[in-house]
Structures are given as C-alpha cells and as structure tokens.
$ cat protein_39.tsv   # TSV, C-alpha atoms
chain	number	residue	atom	x	y	z
D	23	VAL	CA	125.14	134.06	37.78
D	24	HIS	CA	122.00	132.94	39.64
D	25	LEU	CA	121.91	131.83	43.29
D	26	ASN	CA	118.55	130.84	44.78
D	27	LEU	CA	118.37	130.07	48.51
D	28	ARG	CA	114.64	130.71	48.85
D	29	GLY	CA	113.04	129.17	51.93
D	30	CYS	CA	116.30	128.00	53.56
D	31	SER	CA	114.81	128.70	56.99
D	32	ASN	CA	117.86	127.54	58.97
D	33	LEU	CA	120.37	129.71	57.14
D	34	ILE	CA	121.81	132.13	59.70
D	35	GLU	CA	124.45	133.92	57.64
D	36	LEU	CA	126.28	133.93	54.34
D	37	PRO	CA	130.06	133.39	54.20
D	38	SER	CA	131.89	136.54	55.24
D	39	ASP	CA	134.02	136.41	52.08
D	40	VAL	CA	131.85	136.70	48.98
D	41	SER	CA	134.49	138.50	46.91
D	42	GLY	CA	134.53	135.72	44.31
D	43	LEU	CA	130.90	136.28	43.27
D	44	ARG	CA	131.80	138.88	40.71
D	45	LYS	CA	129.47	137.52	38.01
D	46	LEU	CA	126.44	136.96	40.26
D	47	GLU	CA	123.36	138.76	38.88
D	48	ASN	CA	120.50	137.34	40.96
D	49	LEU	CA	120.64	136.60	44.68
D	50	ILE	CA	117.40	135.25	46.18
D	51	LEU	CA	117.24	134.96	49.97
D	52	THR	CA	113.45	135.20	50.33
D	53	GLY	CA	112.14	133.18	53.25
D	54	CYS	CA	115.50	132.77	54.98
D	55	SER	CA	113.71	133.52	58.22
D	56	LYS	CA	116.82	133.36	60.45
D	57	LEU	CA	119.07	135.50	58.27
D	58	LYS	CA	119.97	138.58	60.35
D	59	LYS	CA	122.63	140.30	58.28
D	60	LEU	CA	124.41	140.43	54.95
D	61	PRO	CA	128.18	140.25	54.40
D	62	SER	CA	129.92	143.59	54.82
D	63	ASN	CA	131.86	143.32	51.54
D	64	MET	CA	128.95	143.02	49.12
D	65	ASP	CA	130.52	145.67	46.90
D	66	SER	CA	132.50	142.83	45.29
D	67	MET	CA	129.26	141.60	43.68
D	68	VAL	CA	129.77	144.10	40.87
D	69	SER	CA	127.29	142.38	38.50
D	70	LEU	CA	124.36	142.03	40.92
D	71	LYS	CA	121.05	143.16	39.39
D	72	GLU	CA	118.46	141.59	41.69
D	73	LEU	CA	118.52	141.16	45.47
D	74	LEU	CA	115.48	139.60	47.16
D	75	LEU	CA	115.47	139.69	50.97
D	76	ASP	CA	111.76	139.22	51.68
D	77	GLU	CA	110.77	137.61	54.99
D	78	THR	CA	114.23	137.79	56.54
D	79	VAL	CA	115.06	139.26	59.97
D	80	ILE	CA	117.73	141.68	58.86
D	81	GLU	CA	117.75	144.96	60.77
D	82	SER	CA	119.90	147.02	58.42
D	83	LEU	CA	121.66	146.93	55.09
D	84	PRO	CA	125.48	147.09	54.95
D	85	GLU	CA	126.98	150.26	53.50
D	86	SER	CA	128.75	148.21	50.87
D	87	ILE	CA	125.43	147.42	49.20
D	88	PHE	CA	125.22	150.95	47.92
D	89	LYS	CA	128.22	150.43	45.69
D	90	LEU	CA	126.21	147.97	43.62
D	91	THR	CA	125.79	150.32	40.72
D	92	LYS	CA	124.08	147.70	38.53
D	93	LEU	CA	121.40	146.74	41.07
D	94	GLU	CA	117.94	147.14	39.49
D	95	ARG	CA	115.61	145.41	41.92
D	96	LEU	CA	115.66	145.40	45.73
D	97	SER	CA	112.87	143.61	47.60
D	98	LEU	CA	112.45	143.78	51.38
D	99	ASN	CA	108.81	142.75	51.83
D	100	ARG	CA	107.71	141.58	55.29
D	101	CYS	CA	111.06	142.41	56.89
D	102	LYS	CA	109.63	142.97	60.35
D	103	PHE	CA	112.88	144.23	61.91
D	104	LEU	CA	113.96	146.67	59.20
D	105	LYS	CA	112.98	150.14	60.44
D	106	GLY	CA	114.94	152.30	58.06
D	107	LEU	CA	117.24	152.64	55.09
D	108	PRO	CA	120.49	154.63	55.14
D	109	GLU	CA	120.90	157.81	53.11
D	110	LEU	CA	123.41	156.06	50.87
D	111	ILE	CA	120.56	154.30	49.10
D	112	GLY	CA	120.40	157.25	46.75
D	113	LYS	CA	123.65	156.04	45.17
D	114	LEU	CA	121.99	152.98	43.61
D	115	CYS	CA	121.97	154.67	40.25
D	116	SER	CA	120.49	151.73	38.33
D	117	LEU	CA	117.71	150.89	40.79
D	118	LYS	CA	114.34	150.54	39.04
D	119	GLU	CA	112.22	148.87	41.70
D	120	ILE	CA	112.20	148.82	45.48
D	121	SER	CA	109.53	147.07	47.50
D	122	LEU	CA	109.11	147.36	51.28
D	123	ASN	CA	105.56	146.04	51.71
D	124	ASP	CA	104.49	145.07	55.23
D	125	SER	CA	107.88	145.97	56.69
D	126	ALA	CA	108.74	147.88	59.88
D	127	LEU	CA	109.86	150.92	57.87
D	128	GLU	CA	109.41	154.18	59.80
D	129	LYS	CA	110.92	156.70	57.44
D	130	LEU	CA	112.15	157.10	53.88
D	131	PRO	CA	115.53	158.83	53.46
D	132	ASP	CA	115.61	162.08	51.48
D	133	SER	CA	118.12	160.50	49.13
D	134	PHE	CA	115.23	158.72	47.38
D	135	GLY	CA	115.11	161.81	45.20
D	136	SER	CA	118.49	160.83	43.75
D	137	LEU	CA	117.23	157.50	42.36
D	138	ALA	CA	116.99	158.83	38.83
D	139	ASN	CA	115.93	155.51	37.27
D	140	LEU	CA	113.41	154.40	39.91
D	141	GLU	CA	110.19	153.21	38.25
D	142	ARG	CA	108.32	151.38	41.00
D	143	LEU	CA	108.10	152.19	44.71
D	144	SER	CA	105.84	149.94	46.77
D	145	LEU	CA	105.15	150.78	50.43
D	146	LEU	CA	101.96	148.83	51.03
D	147	TRP	CA	100.95	148.04	54.62
D	148	CYS	CA	103.93	149.74	56.27
D	149	ASN	CA	102.14	150.35	59.57
D	150	SER	CA	104.83	152.63	61.04
D	151	LEU	CA	105.28	154.88	58.01
D	152	THR	CA	103.41	158.20	58.39
D	153	THR	CA	105.26	160.64	56.11
D	154	ILE	CA	106.68	160.80	52.62
D	155	PRO	CA	109.71	163.07	52.02
D	156	ASN	CA	109.35	166.01	49.66
D	157	SER	CA	112.19	164.59	47.58
D	158	ILE	CA	109.82	161.91	46.27
D	159	GLY	CA	108.93	164.30	43.46
D	160	HIS	CA	112.45	164.22	42.01
D	161	PRO	CA	112.76	160.78	40.33
D	162	ASN	CA	110.82	161.67	37.16
D	163	SER	CA	111.09	158.07	35.99
D	164	LEU	CA	108.66	156.85	38.70
D	165	VAL	CA	105.75	155.01	37.10
D	166	GLU	CA	104.11	153.27	40.06
D	167	PHE	CA	103.81	154.62	43.62
D	168	LEU	CA	101.84	152.49	46.09
D	169	THR	CA	101.25	153.34	49.76
D	170	TYR	CA	97.84	151.77	50.41
D	171	GLY	CA	97.54	150.40	53.94
D	172	SER	CA	100.23	152.72	55.32
D	173	PRO	CA	99.08	155.54	57.66
D	174	ILE	CA	100.30	158.35	55.39
D	175	LYS	CA	98.73	161.62	56.58
D	176	GLU	CA	99.48	163.67	53.48
D	177	LEU	CA	101.29	163.60	50.18
D	178	PRO	CA	103.95	166.26	49.57
D	179	ALA	CA	103.19	168.92	46.97
D	180	SER	CA	106.20	167.74	45.00
D	181	ILE	CA	104.28	164.64	43.93
D	182	GLY	CA	102.81	166.72	41.12
D	183	SER	CA	106.26	166.70	39.49
D	184	LEU	CA	106.06	162.97	38.74
D	185	SER	CA	105.19	163.51	35.11
D	186	ASN	CA	105.57	159.83	34.17
D	187	LEU	CA	103.56	158.37	37.07
D	188	ARG	CA	100.85	156.00	35.82
D	189	GLU	CA	99.50	154.49	39.05
D	190	LEU	CA	99.02	156.08	42.47
D	191	SER	CA	97.45	154.16	45.35
D	192	VAL	CA	96.92	155.72	48.79
D	193	GLY	CA	94.63	155.33	51.78
D	194	ARG	CA	93.17	152.97	54.35
D	195	GLY	CA	92.87	153.65	58.03
D	196	GLU	CA	91.36	157.11	57.52
D	197	PHE	CA	94.53	159.14	57.96
D	198	MET	CA	94.68	161.24	54.80
D	199	ARG	CA	92.48	164.35	54.75
D	200	GLU	CA	93.21	165.84	51.34
D	201	LEU	CA	95.08	165.55	48.10
D	202	PRO	CA	97.51	168.34	47.19
D	203	ASP	CA	96.40	170.65	44.38
D	204	SER	CA	99.57	169.67	42.54
D	205	VAL	CA	98.00	166.29	41.76
D	206	GLY	CA	96.82	167.95	38.56
D	207	GLY	CA	100.41	167.80	37.33
D	208	LEU	CA	100.36	164.00	37.06
D	209	ASN	CA	99.73	164.18	33.33
D	210	SER	CA	100.51	160.50	32.66
D	211	LEU	CA	98.35	159.07	35.47
D	212	VAL	CA	96.14	156.14	34.42
D	213	VAL	CA	94.96	154.70	37.78
D	214	LEU	CA	94.19	156.71	40.92
D	215	GLN	CA	93.10	154.77	44.01
D	216	ILE	CA	92.14	156.75	47.13
D	217	ASN	CA	90.45	154.25	49.43
D	218	GLU	CA	89.33	154.65	53.05
D	219	THR	CA	90.45	158.23	53.70
D	220	LEU	CA	89.09	161.33	55.47
D	221	ILE	CA	88.97	163.28	52.20
D	222	THR	CA	85.84	165.41	51.91
D	223	ILE	CA	86.40	166.88	48.45
D	224	LEU	CA	88.79	166.41	45.56
D	225	PRO	CA	90.79	169.42	44.34
D	226	HIS	CA	89.48	171.19	41.25
D	227	GLU	CA	92.87	170.59	39.63
D	228	ILE	CA	92.09	166.88	39.32
D	229	GLY	CA	90.26	167.74	36.12
D	230	ALA	CA	93.65	168.18	34.45
D	231	LEU	CA	94.23	164.39	34.55
D	232	LYS	CA	93.38	163.83	30.89
D	233	THR	CA	94.97	160.38	30.75
D	234	LEU	CA	93.25	158.99	33.87
D	235	GLU	CA	91.24	155.86	33.09
D	236	LYS	CA	90.22	154.65	36.56
D	237	LEU	CA	89.24	156.72	39.60
D	238	GLU	CA	88.59	154.59	42.67
D	239	MET	CA	87.43	155.88	46.05
D	240	ARG	CA	86.11	152.96	48.09
D	241	LYS	CA	84.77	153.46	51.62
D	242	CYS	CA	85.48	157.19	51.60
D	243	GLY	CA	82.74	157.96	54.12
D	244	PHE	CA	83.58	161.66	54.36
D	245	LEU	CA	83.49	162.44	50.63
D	246	ARG	CA	80.72	165.01	50.15
D	247	SER	CA	80.98	165.95	46.49
D	248	LEU	CA	82.89	165.68	43.24
D	249	PRO	CA	84.22	168.77	41.45
D	250	GLN	CA	82.62	169.95	38.20
D	251	SER	CA	86.05	169.63	36.62
D	252	ILE	CA	85.62	165.85	36.59
D	253	GLY	CA	83.91	166.28	33.24
D	254	SER	CA	87.26	167.27	31.75
D	255	MET	CA	88.76	163.85	32.48
D	256	ARG	CA	87.80	162.50	29.07
D	257	GLY	CA	90.00	159.41	29.38
D	258	LEU	CA	87.98	157.98	32.30
D	259	THR	CA	86.57	154.52	31.66
D	260	ALA	CA	85.71	153.60	35.28
D	261	ILE	CA	84.56	155.52	38.36
D	262	VAL	CA	84.22	153.54	41.58
D	263	ILE	CA	82.89	155.45	44.61
D	264	THR	CA	81.43	153.46	47.49
D	265	ASP	CA	80.04	154.33	50.92
D	266	ALA	CA	80.50	158.08	50.41
D	267	THR	CA	78.21	160.89	51.62
D	268	ILE	CA	77.75	162.50	48.21
D	269	THR	CA	74.17	163.65	47.52
D	270	GLU	CA	74.47	164.11	43.76
D	271	LEU	CA	76.86	163.88	40.83
D	272	PRO	CA	77.89	166.99	38.90
D	273	GLU	CA	76.19	167.56	35.54
D	274	SER	CA	79.61	167.49	33.91
D	275	VAL	CA	79.66	163.70	34.37
D	276	GLY	CA	77.74	163.50	31.12
D	277	MET	CA	80.87	164.66	29.27
D	278	LEU	CA	82.73	161.43	30.08
D	279	GLU	CA	82.18	159.88	26.68
D	280	ASN	CA	84.48	156.89	27.34
D	281	LEU	CA	83.03	155.90	30.72
D	282	THR	CA	82.05	152.21	30.71
D	283	VAL	CA	81.72	151.49	34.46
D	284	LEU	CA	80.08	153.64	37.15
D	285	ARG	CA	79.82	152.17	40.67
D	286	LEU	CA	78.10	154.10	43.45
D	287	ASN	CA	77.17	151.31	45.86
D	288	GLY	CA	76.51	152.28	49.47
D	289	CYS	CA	76.26	156.04	48.77
D	290	LYS	CA	73.18	156.23	50.98
D	291	GLN	CA	72.70	159.98	50.63
D	292	LEU	CA	72.85	160.01	46.84
D	293	ARG	CA	69.36	161.18	45.91
D	294	LYS	CA	69.48	161.76	42.19
D	295	LEU	CA	71.42	161.22	39.01
D	296	PRO	CA	72.19	164.17	36.73
D	297	ALA	CA	70.04	164.66	33.64
D	298	SER	CA	73.25	164.51	31.60
D	299	ILE	CA	73.74	160.83	32.41
D	300	GLY	CA	71.97	159.92	29.20
D	301	GLN	CA	74.99	161.23	27.29
D	302	LEU	CA	77.17	158.36	28.54
D	303	LYS	CA	76.92	156.40	25.30
D	304	SER	CA	79.72	154.00	26.30
D	305	LEU	CA	78.33	153.10	29.75
D	306	HIS	CA	78.04	149.32	30.13
D	307	ARG	CA	77.63	148.88	33.88
D	308	LEU	CA	75.86	151.07	36.44
D	309	HIS	CA	75.91	149.88	40.06
D	310	MET	CA	73.98	151.98	42.58
D	311	VAL	CA	72.95	149.47	45.24
D	312	ASP	CA	71.77	151.00	48.53
D	313	THR	CA	71.49	154.61	47.42
D	314	ALA	CA	68.63	157.07	48.08
D	315	VAL	CA	67.81	157.47	44.38
D	316	THR	CA	64.05	157.12	43.86
D	317	GLU	CA	63.74	158.47	40.33
D	318	LEU	CA	65.74	158.01	37.16
D	319	PRO	CA	66.00	160.99	34.79
D	320	GLU	CA	64.09	160.82	31.49
D	321	SER	CA	67.41	160.77	29.63
D	322	PHE	CA	68.16	157.38	31.21
D	323	GLY	CA	66.75	155.54	28.22
D	324	MET	CA	69.48	157.07	26.06
D	325	LEU	CA	72.09	154.81	27.65
D	326	SER	CA	72.26	152.76	24.49
D	327	SER	CA	75.20	150.59	25.63
D	328	LEU	CA	73.94	149.81	29.16
D	329	MET	CA	74.08	146.07	29.87
D	330	VAL	CA	74.06	145.79	33.68
D	331	LEU	CA	71.97	147.90	36.07
D	332	LYS	CA	72.16	147.19	39.80
D	333	MET	CA	69.95	149.55	41.80
D	334	GLY	CA	68.47	147.29	44.47
D	335	LYS	CA	68.34	147.76	48.21
D	336	THR	CA	69.97	145.21	50.48
D	337	LEU	CA	69.20	146.96	53.78
D	338	GLN	CA	66.11	146.13	55.79
D	339	LYS	CA	63.39	148.72	55.57
D	340	ARG	CA	63.19	150.98	58.56
D	341	GLU	CA	59.99	150.90	60.55
D	342	HIS	CA	57.75	153.96	60.83
D	343	THR	CA	59.27	155.63	57.75
D	344	GLU	CA	57.33	156.55	54.64
D	345	GLU	CA	58.60	154.70	51.58
D	346	ILE	CA	58.74	156.74	48.37
D	347	ASN	CA	57.72	154.94	45.22
D	348	PHE	CA	60.50	154.44	42.70
D	349	ILE	CA	59.76	156.23	39.43
D	350	LEU	CA	60.99	154.78	36.16
D	351	PRO	CA	61.16	157.09	33.14
D	352	THR	CA	59.05	156.33	30.06
D	353	SER	CA	62.30	155.91	28.14
D	354	PHE	CA	63.36	152.95	30.31
D	355	SER	CA	62.14	150.42	27.76
D	356	ASN	CA	64.71	151.75	25.26
D	357	LEU	CA	67.53	149.92	27.05
D	358	SER	CA	67.71	147.27	24.36
D	359	LEU	CA	71.10	145.81	25.44
D	360	LEU	CA	70.27	145.48	29.14
D	361	TYR	CA	70.73	141.84	30.17
D	362	ASP	CA	71.05	142.08	33.98
D	363	LEU	CA	68.64	144.16	36.04
D	364	ASP	CA	68.53	144.14	39.82
D	365	ALA	CA	65.74	146.35	41.18
D	366	ARG	CA	64.94	144.48	44.39
D	367	ALA	CA	63.29	146.40	47.21
D	368	CYS	CA	63.15	149.62	45.19
D	369	ASN	CA	59.45	150.07	46.02
D	370	ILE	CA	58.38	149.96	42.39
D	371	SER	CA	54.59	150.18	42.31
D	372	GLY	CA	51.79	149.92	39.76
D	373	LYS	CA	52.38	147.91	36.59
D	374	VAL	CA	55.75	146.89	35.20
D	375	ASP	CA	54.78	146.54	31.54
D	376	ASP	CA	57.98	148.25	30.35
D	377	PHE	CA	60.14	145.35	31.47
D	378	GLU	CA	58.56	143.16	28.79
D	379	LYS	CA	60.19	145.35	26.14
D	380	LEU	CA	63.71	144.76	27.42
D	381	SER	CA	64.40	142.08	24.85
D	382	SER	CA	67.99	141.29	25.95
D	383	LEU	CA	67.17	140.57	29.59
D	384	GLU	CA	68.66	137.38	30.99
D	385	THR	CA	68.48	138.14	34.72
D	386	LEU	CA	65.66	140.13	36.33
D	387	ASN	CA	65.31	140.60	40.08
D	388	LEU	CA	62.14	142.40	41.18
D	389	SER	CA	61.83	140.87	44.64
D	390	ARG	CA	60.42	142.87	47.59
D	391	ASN	CA	58.63	145.45	45.43
D	392	SER	CA	55.09	146.87	45.45
D	393	PHE	CA	53.96	146.42	41.83
D	394	SER	CA	50.41	145.21	41.31
D	395	SER	CA	50.74	143.14	38.14
D	396	LEU	CA	53.13	141.65	35.62
D	397	PRO	CA	52.76	142.13	31.84
D	398	SER	CA	50.08	139.92	30.30
D	399	SER	CA	52.80	138.46	28.10
D	400	LEU	CA	56.50	137.97	28.68
D	401	ARG	CA	57.03	136.94	25.09
D	402	GLY	CA	59.44	139.78	24.53
D	403	LEU	CA	61.88	138.26	27.03
D	404	SER	CA	62.83	135.58	24.56
D	405	VAL	CA	66.54	135.45	25.30
$ encode --input "protein_39.tsv" --output "structure tokens"
Amino acid sequence: VHLNLRGCSNLIELPSDVSGLRKLENLILTGCSKLKKLPSNMDSMVSLKELLLDETVIESLPESIFKLTKLERLSLNRCKFLKGLPELIGKLCSLKEISLNDSALEKLPDSFGSLANLERLSLLWCNSLTTIPNSIGHPNSLVEFLTYGSPIKELPASIGSLSNLRELSVGRGEFMRELPDSVGGLNSLVVLQINETLITILPHEIGALKTLEKLEMRKCGFLRSLPQSIGSMRGLTAIVITDATITELPESVGMLENLTVLRLNGCKQLRKLPASIGQLKSLHRLHMVDTAVTELPESFGMLSSLMVLKMGKTLQKREHTEEINFILPTSFSNLSLLYDLDARACNISGKVDDFEKLSSLETLNLSRNSFSSLPSSLRGLSV
C-alpha cells in the first residue's frame, strides 16, 4: 500500500514489471537523484493516489501514468530536466494537487482545463514559464494558484472564472504589467499577493472582492495609486504595500472597518494619510517607515485600537535639503492602547508633552529628533 524510497540517491530505475502493485496507494521517490524514468506500464497501479517525484532527473512522464484515474497528488518539485507535461494529463480525473515548483517547466498543456477536481496548482520559481493557458479558468474547483517567482507576463482573462479560488500569488522579477479586469470575478478570494511587478494601478473591478482578507503588494515600485473601489473590500484585515510610488491613499480606505494591519514601509512619495483613517476602529498596527508623511490628520486620535505605530526614518538625511517639522495632531494623546511607538528621525520639534499621556506605552523610540524638552513628569508611563 505504501512504498517509500525517499533519498535513495543511487536508484537508477524501478523494475520494468510493476504489474503486481495493484494495491499501492503511495509511491515516494523524492530525492532519488539518479532516477531518469518511470516504468512504461504504470497503468497497472490502479490504486495509486500519491506520486512524489521531487528532485529526480526524469525528463518526461510515461503515457501510462494518465490512466491512473485515482491519482490525487502529483509532485514534481525541483525536477530540473522536466520541461513539459503531455496533453494527456487532463485525463487524471481525480487529481487534486499538482506541484512543479522550481522545475524546468516551459509550458502548461491546455488540457489543464479538464482537471475538474484540481484544487491546488503550484508553479513557484519556474524560471522558464512565461505564459498561462486560457484553459486555466475551467477547473472551478481550484482553490490555490501560486506562480510567484515565475516570469509570468500576464494572467489570462479566464482566471476570473475561478469562483472557488481562495489564494492567488503572482509576481517577482518585474514581468507582469497589469491584472485583468476579470479579477473581480474571484468572489471567494481570501489572499491576493502581487509582489515585485510592473503594475502601475489596480483595476477598479478589484473592489468586488468582498471576501478578500489580505492584499499584499511588496516591492511594487511602479504602483502609483489605489482605486477608490478599495473601500468596498469590507473583508480586508491586512494591506501590505511596500516600496511603491503612491503619493496618497484614497479616502475610501476609511470604510475598511475590519482592517487590523496597514503596512506602507518604503513608500517614499507617500505624503499624507486620508482624513478618513480615523474611522479604522479595528486597526492594531500601522507601519509607515520611510515615507514622506510629515503630518498626521486630526482624526488620527480616533484610532482607538491602535497598538503599534512605526513611522520612523531609517535613511540618512540628505544634505542641503530643508527638513519639514513633523506635526502631531492634538488628538494624538487619545491613543490609549498604543504600546509601541517608533518615531525616530521624524524631525519632531518643540515639546513632546503628549507622549506622557500614552499610558500603555512600553517601547518609545524618539531618537534623532529635534524636540527641545521632555515632559516634566513621565509618571503616566507607568506600564
């Protein structure tokens, strides 16, 4: 039933006659680094559910493998000589998961659209894979689709048909320039990761993603703005945008009543926060290190759940440039739950009496600032 040959690095081939393995359900050949091919009569393994071929040197799969109608999991990670899969793969009617991470895969066959039960497709770090077939929108059972690290230039419009997709991860290498408008059809999406791309703007239709909880866009240096429709994504609990060229956030951000984490680190052209930010009653963490923000809106003190605020500067000050004083709103002292405040090198001047009223503070970093005096008493910082 279970045959594990993991790490048998001298195994060159399996016996040519495997017809007796009719009850075998799990065959693990991971790490058999000299294994070049599989037996041609694998169709006799009528009970096989799991086939792991990671880190082997196989160049192709035998046609007989596609008669394994009970196969649920096929793993081909780090198969550096496997450049493609035959069209017959679409006949694996029970297949739920296929993983080809860090393989030599150059193209996906169109027959992927016939894998009616496919739930997870992982194509991470496939350096030779540049396109995704339009048929990818056909297996409605797909829950997880991961292509991060692969030089995918664009997603087909059909991806919007994946009504059960919960996680989509794309990017790295700055190849992708836009998301298709059809992304708004992913009405079960929970996690959307779009890291290191050439994307300049998100489609307005993204606002239709009512179930989305996490939007991540790290190192998207060409991202200029976010659509106003982002305020309609009421399920969002985390927004992570780093090293983008956005100058401001849309006012509609204040409608994200479930948002707990907002990270904007390295957005060096971000100059202000919207006045509506005070409406984020669930916000626990706000990270805006190395931004151009020099003033917090008066509504900032309404962030009644805020616990961590990181707004310091880590970059060295440029010479011969006029530094603008950082302005804190009078409501700042209302942040009664704030326990971690990093305001280093923000050019805060004058007195900092308001900090004494932040009774929950445990960590306070005010290094490299321009204030003239501390409060006469720090008794309020009793924690």
$ residues_around --input "protein_39.tsv" --residues "stretch 71-79 of chain D" --least-positions-apart "4" --cutoff "8 Å" --atoms "only C-alpha atoms" --output "number ranges by chain"
D: 47-59, 92-104
$ residues_around --input "protein_39.tsv" --residues "D:Leu110" --least-positions-apart "5" --cutoff "10 Å" --atoms "all atoms listed in the file" --output "number ranges by chain"
D: 85-89, 131-134, 136
$ closest_residue --input "protein_39.tsv" --among "D:Ile261, D:Arg194, D:Ser274, D:Leu234" --to "D:Glu218" --atoms "only C-alpha atoms"
D:Arg194
$ residues_near_point --input "protein_39.tsv" --point "(104.7, 162.1, 38.1)" --cutoff "10 Å" --atoms "all atoms listed in the file" --output "list in words"
Ile158, Gly159, His160, Pro161, Asn162, Ser163, Leu164, Val165, Glu166, Phe167, Ser180, Ile181, Gly182, Ser183, Leu184, Ser185, Asn186, Leu187, Arg188, Glu189, Leu190, Val205, Gly206, Gly207, Leu208, Asn209, Ser210 and Leu211 of chain D
$ closest_residue --input "protein_39.tsv" --among "D:Arg44, D:Arg307, D:Lys335, D:Lys175" --to "D:Val262" --atoms "only C-alpha atoms"
D:Arg307
$ closest_residue --input "protein_39.tsv" --among "D:Pro351, D:Gly112, D:Pro61, D:Pro225" --to "D:Ile34" --atoms "all atoms listed in the file"
D:Pro61
$ residues_near_point --input "protein_39.tsv" --point "(58.5, 146.0, 35.6)" --cutoff "8 Å" --atoms "all atoms listed in the file" --output "short mmCIF file (atom, residue, chain, number, x, y, z; two decimals) with C-alpha atoms, in the frame of the given file"
data_model
loop_
_atom_site.label_atom_id
_atom_site.label_comp_id
_atom_site.auth_asym_id
_atom_site.auth_seq_id
_atom_site.Cartn_x
_atom_site.Cartn_y
_atom_site.Cartn_z
CA ILE D 370 58.38 149.96 42.39
CA LYS D 373 52.38 147.91 36.59
CA VAL D 374 55.75 146.89 35.20
CA ASP D 375 54.78 146.54 31.54
CA ASP D 376 57.98 148.25 30.35
CA PHE D 377 60.14 145.35 31.47
CA GLU D 378 58.56 143.16 28.79
CA LEU D 388 62.14 142.40 41.18
CA PHE D 393 53.96 146.42 41.83
CA LEU D 396 53.13 141.65 35.62
CA PRO D 397 52.76 142.13 31.84
#
$ atom_distance --input "protein_39.tsv" --atom1 "atom CA of D:Asn356" --atom2 "atom CA of D:Ala297"
16.3 Å
$ residues_around --input "protein_39.tsv" --residues "D:Leu359" --least-positions-apart "4" --cutoff "12 Å" --atoms "only C-alpha atoms" --output "PyMOL selection string"
chain D and resi 304-307+323-331+354-355+363+379-384+405
$ closest_residue --input "protein_39.tsv" --among "D:Asn139, D:Ser116, D:Ser254, D:Ser172" --to "D:Ile154" --atoms "only C-alpha atoms"
D:Ser172
$ closest_residue --input "protein_39.tsv" --among "D:Thr313, D:Asn369, D:Thr152, D:Ser157" --to "D:Ala138" --atoms "all atoms listed in the file"
D:Ser157
$ closest_residue --input "protein_39.tsv" --among "D:Gln215, D:Thr91, D:Ser298, D:Ser389" --to "D:Thr336" --atoms "only C-alpha atoms"
D:Ser389
$ atom_distance --input "protein_39.tsv" --atom1 "atom CA of D:His24" --atom2 "atom CA of D:Leu70"
9.5 Å
$ atom_distance --input "protein_39.tsv" --atom1 "atom CA of D:Leu258" --atom2 "atom CA of D:Glu279"
8.3 Å
$ decode --input "protein_39.tsv" --residues "stretch 351-364 of chain D" --atoms "N, CA, C and O atoms" --output "mmCIF file, in the first residue's frame"
data_model
loop_
_atom_site.group_PDB
_atom_site.id
_atom_site.type_symbol
_atom_site.label_atom_id
_atom_site.label_comp_id
_atom_site.auth_asym_id
_atom_site.auth_seq_id
_atom_site.Cartn_x
_atom_site.Cartn_y
_atom_site.Cartn_z
ATOM 1 N N PRO D 351 -1.106 65.607 15.632
ATOM 2 C CA PRO D 351 -2.402 66.223 15.934
ATOM 3 C C PRO D 351 -2.629 66.303 17.446
ATOM 4 O O PRO D 351 -2.035 65.552 18.220
ATOM 5 N N THR D 352 -3.487 67.226 17.857
ATOM 6 C CA THR D 352 -3.785 67.360 19.295
ATOM 7 C C THR D 352 -4.458 66.105 19.845
ATOM 8 O O THR D 352 -4.385 65.824 21.032
ATOM 9 N N SER D 353 -5.060 65.327 18.950
ATOM 10 C CA SER D 353 -5.764 64.113 19.386
ATOM 11 C C SER D 353 -4.828 62.941 19.618
ATOM 12 O O SER D 353 -5.258 61.868 20.045
ATOM 13 N N PHE D 354 -3.517 63.130 19.368
ATOM 14 C CA PHE D 354 -2.570 62.016 19.421
ATOM 15 C C PHE D 354 -2.554 61.343 20.796
ATOM 16 O O PHE D 354 -2.391 60.129 20.911
ATOM 17 N N SER D 355 -2.747 62.132 21.831
ATOM 18 C CA SER D 355 -2.696 61.583 23.193
ATOM 19 C C SER D 355 -3.873 60.671 23.516
ATOM 20 O O SER D 355 -3.908 60.047 24.575
ATOM 21 N N ASN D 356 -4.846 60.578 22.604
ATOM 22 C CA ASN D 356 -6.009 59.707 22.833
ATOM 23 C C ASN D 356 -5.720 58.243 22.532
ATOM 24 O O ASN D 356 -6.578 57.382 22.766
ATOM 25 N N LEU D 357 -4.526 57.943 22.026
ATOM 26 C CA LEU D 357 -4.199 56.567 21.634
ATOM 27 C C LEU D 357 -3.864 55.750 22.880
ATOM 28 O O LEU D 357 -2.705 55.403 23.141
ATOM 29 N N SER D 358 -4.872 55.425 23.630
ATOM 30 C CA SER D 358 -4.686 54.838 24.963
ATOM 31 C C SER D 358 -4.148 53.409 24.945
ATOM 32 O O SER D 358 -3.631 52.933 25.957
ATOM 33 N N LEU D 359 -4.262 52.700 23.807
ATOM 34 C CA LEU D 359 -3.781 51.314 23.740
ATOM 35 C C LEU D 359 -2.411 51.206 23.086
ATOM 36 O O LEU D 359 -1.846 50.115 23.005
ATOM 37 N N LEU D 360 -1.852 52.310 22.636
ATOM 38 C CA LEU D 360 -0.570 52.289 21.940
ATOM 39 C C LEU D 360 0.543 51.851 22.893
ATOM 40 O O LEU D 360 0.782 52.485 23.925
ATOM 41 N N TYR D 361 1.226 50.738 22.546
ATOM 42 C CA TYR D 361 2.309 50.260 23.407
ATOM 43 C C TYR D 361 3.667 50.276 22.715
ATOM 44 O O TYR D 361 4.701 50.101 23.363
ATOM 45 N N ASP D 362 3.715 50.491 21.391
ATOM 46 C CA ASP D 362 4.988 50.516 20.681
ATOM 47 C C ASP D 362 4.968 51.675 19.691
ATOM 48 O O ASP D 362 4.194 51.669 18.732
ATOM 49 N N LEU D 363 5.807 52.666 19.941
ATOM 50 C CA LEU D 363 5.859 53.844 19.083
ATOM 51 C C LEU D 363 7.291 54.087 18.625
ATOM 52 O O LEU D 363 8.195 54.272 19.437
ATOM 53 N N ASP D 364 7.481 54.066 17.321
ATOM 54 C CA ASP D 364 8.779 54.353 16.724
ATOM 55 C C ASP D 364 8.632 55.613 15.883
ATOM 56 O O ASP D 364 8.011 55.597 14.824
#
